[in-house]
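A.B. asks: Encoded as structure tokens, here's the structure I'll be asking about.
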Amino acid sequence: MGSTIGNNFVVTTFGESHGKNVGAVVDGCPALLELCEGDIQPQLDRRRPGQSDLSTPRDEKDKVRIVSGVENGLTLGTPICMLVDNEDQRPGDYKEMSNVPRPSHADFTYREKYGVMAASGGGRASARETIGRVVAGAVADKVLSTKFGVSITAWVSSVQNISMPDVDVKDISRELVDRTIVRCPDVDTARLMETRIAAVRDDGDSVGGIVTCVCQGVPAGWGEPIFDKLEASLARAMLSIPATKGFEIGSGFAGTLMRGSEHNDMYVQRKYGLGTLTNNSGGVQGGISNGEPIIFRVAFKPVATISLPQNTVDYDGKPVLFEAKGRHDPCVLPRAVPIVESMAAIVLANFI
């Protein structure tokens with residue numbers, strides 16, 4: 001049940017980290033949309049491992065295949081199934097999982113819930129599962145951009161205590177974000193981030209940070225009241241991404257330091273109708289989009305898999321010194337950027 005999101009634009013992801021393949025099924029995509037692998041591959045390339053020496057060395061090409069729902073370059077309106085093969089599998093890296101629940105991983109909780117778990121790589125709890133999100137998100141992104149002119153761009157705004165200066169979101173683009181390997185659009189800040197991540201990697205440790213995302217061109221009126229509020233749906237989607245620990249929209253927690261007279265977004269007349277002078281609401285009011293850019297931030301914890309020895313216990317409660325042998329990112333944020341964009345696209349497509 002937990003592998004499906006949406007009720008209009010419905011996405012189900014499948015596959016395990018070291019299984020034969022991973023992917024997604026998308027149901028609810030409109031018919032006659034031009035779609036091919038070339039529309040999906042760019043986002044997968046931004047997510048794939050081995051992009052630089054700051055990411056995991058796992059060598060996966062992550063080439064997508066559309067196996068249903070598209071004919072002669074057009075969607076049929078039927079379920080679209082997309083597959084990505086796992087090529088660089090190393091199940092032997094995870095032999096220790098059979099005896100020891102890895103610190104801050106899902107090994108223990110999955111075993112408690114199901115009574116069984118994937119033999120290697122964390123199975124469905126692995127970030128490899130996010131490939132399905134990215135391929136589905138690319139389809140949603142195509143619908144949003146071609147049918148409604150909506151653009152979604154995310155970027156790394158902080159790594160640990162290194163934060164980039166405030167930026168005008170109207171100037172942000174994926175091309176600008178991708179100028180640096182850490183996907184921070186501010187070059188000076190990006191250099192500091194790269195140095196920090198490299199130092200942490202050399203220590204055998206990991207580090208976290210924040211990804212900021214803006215959805216532009218979303219018209220007023222998208223979303224639902226009460227339990228299906230737009231920001232609530234975004235929060236659910238973002239917090240379903242592996243390693244996420246926090247979500248805030250608009251002014252977020254900083255808004256708690258303001259007075260109402262400072263925080264209220266005053267309405268103004270624009271060429272297209274009403275708009276707001278400020279955007280502390282983050283583009284959403286009452287759970288429904290108000291036409292302003294939707295801006296939110298997602299907090300990612302340090303990667304749980306580290307190379308340093310850790311004192312823990314095995315499943316029998318006996319003390320052990322655990323040393324991870326699997327390949328991992330010292331910081332997931334650069335590769336998380338397209339995942340955040342994809343989940344935002346899936347949520348917005350569901351509200352169309």
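By convention in this document, the chains of the structure tokens carry letters A, B, ... by their order, each chain's residues are numbered from 1, and ligands are numbered from 1 in the order they are shown.
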Out of region 180-257 of chain A, which residues get alpha helix (DSSP H) from DSSP, as JSON, numbers by chain?
C.D. replies: {"A": [187, 188, 189, 190, 191, 192, 193, 194, 195, 196, 197, 198, 199, 200, 201, 202, 230, 231, 232, 233, 234, 235, 236, 237, 238, 239]}
A.B. asks: For the contact check between region 260-346 of chain A and region 216-230 of chain A, emit one row per residue of region 260-346 of chain A within 10 Å, containing the shortest atom pair and the distance in Å rounded to one decimal, counting only C-alpha atoms, chain then rising number order, as a Markdown table.
C.D. replies:
```
| residue | atom | partner | partner_atom | distance |
| --- | --- | --- | --- | --- |
| A:Leu274 | CA | A:Ala220 | CA | 9.7 |
| A:Gly275 | CA | A:Ala220 | CA | 9.6 |
| A:Gly283 | CA | A:Val218 | CA | 8.8 |
| A:Val284 | CA | A:Leu230 | CA | 7.2 |
| A:Gln285 | CA | A:Leu230 | CA | 8.9 |
| A:Gly286 | CA | A:Pro225 | CA | 6.5 |
| A:Gly287 | CA | A:Lys229 | CA | 3.9 |
| A:Ile288 | CA | A:Gly223 | CA | 4.4 |
| A:Ser289 | CA | A:Ala220 | CA | 4.8 |
| A:Asn290 | CA | A:Ala220 | CA | 4.2 |
| A:Gly291 | CA | A:Ala220 | CA | 4.2 |
| A:Glu292 | CA | A:Val218 | CA | 7.4 |
| A:Pro293 | CA | A:Gln216 | CA | 4.8 |
| A:Ile294 | CA | A:Gln216 | CA | 6.6 |
| A:Ile295 | CA | A:Gln216 | CA | 8.8 |
```
A.B. asks: Which residue, A:Glu323, A:Ile352, A:Arg128, A:Arg102, has the smallest gap to Cys29 (chain A) when you use only C-alpha atoms?
C.D. replies: A:Ile352
A.B. asks: Could you list, as a short mmCIF file (atom, residue, chain, number, x, y, z; two decimals) with C-alpha atoms, in the first residue's frame, every residue within 12 Å of Val159 (chain A), counting only C-alpha atoms and ignoring same-chain residues fewer than 3 positions away?
C.D. replies:
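As a result, around-v1.cif now contains:
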```cif
data_model
loop_
_atom_site.label_atom_id
_atom_site.label_comp_id
_atom_site.auth_asym_id
_atom_site.auth_seq_id
_atom_site.Cartn_x
_atom_site.Cartn_y
_atom_site.Cartn_z
CA TRP A 155 18.72 23.53 -5.55
CA VAL A 156 21.05 22.87 -2.61
CA ILE A 162 27.17 26.57 4.99
CA SER A 163 24.22 28.48 3.48
CA MET A 164 23.93 30.42 0.25
CA VAL A 182 26.83 20.28 -5.61
CA ARG A 183 23.88 21.91 -7.45
CA CYS A 184 24.15 25.19 -5.55
CA THR A 189 28.97 29.02 -1.70
CA ALA A 190 29.21 25.92 -3.88
CA ARG A 191 33.00 25.90 -3.52
CA LEU A 192 32.70 25.96 0.27
CA MET A 193 30.16 23.13 0.13
CA GLU A 194 32.40 21.02 -2.10
CA THR A 195 35.32 21.47 0.29
CA ARG A 196 33.19 20.51 3.29
CA ILE A 197 31.74 17.40 1.64
CA ALA A 198 35.19 16.27 0.47
CA VAL A 200 33.72 14.68 5.49
CA SER A 206 28.63 12.08 6.14
CA VAL A 207 26.82 15.41 6.26
CA GLY A 208 23.30 16.75 5.62
CA GLY A 209 21.66 20.01 4.58
CA ILE A 210 18.68 21.65 2.90
CA VAL A 211 17.19 21.55 -0.61
CA THR A 212 15.00 24.52 -1.59
CA ALA A 299 15.87 19.03 5.35
CA PHE A 300 18.06 15.99 4.69
CA LYS A 301 19.92 14.23 7.51
CA PRO A 302 23.52 13.00 7.20
CA PRO A 330 29.00 11.45 1.87
CA CYS A 331 26.13 13.89 1.17
CA VAL A 332 22.91 13.04 -0.67
CA LEU A 333 21.84 16.60 -1.42
CA PRO A 334 23.25 17.07 -4.97
#
```
A.B. asks: Mind the document's chain letters and residue numbers, and return as JSON, numbers by chain the residues of region 140-208 of chain A that DSSP labels strand (DSSP E or B).
C.D. replies: {"A": [151, 152, 153, 154, 155, 156, 157, 158, 159, 162, 163]}
A.B. asks: Would you mind telling me which residue in A:Ile131, A:Thr153, A:Met258, A:Leu308 lies nearest to Val337 (chain A) when using only C-alpha atoms?
C.D. replies: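 Closest to Val337 (chain A) of all the choices is A:Thr153.
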A.B. asks: Find, counting only C-alpha atoms, the residue in A:Val347, A:Gly273, A:Leu144, A:Asp202 that gets nearest to Ser307 (chain A).
C.D. replies: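 Looking at the shortest contact to Ser307 (chain A), the residue is A:Asp202.
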A.B. asks: Of the residues A:Asn86, A:Thr75, A:Thr13, A:Ser158, which is the one nearest to Gly28 (chain A), using only C-alpha atoms?
C.D. replies: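 Residue with the minimum atom-to-atom distance to Gly28 (chain A): A:Thr75.
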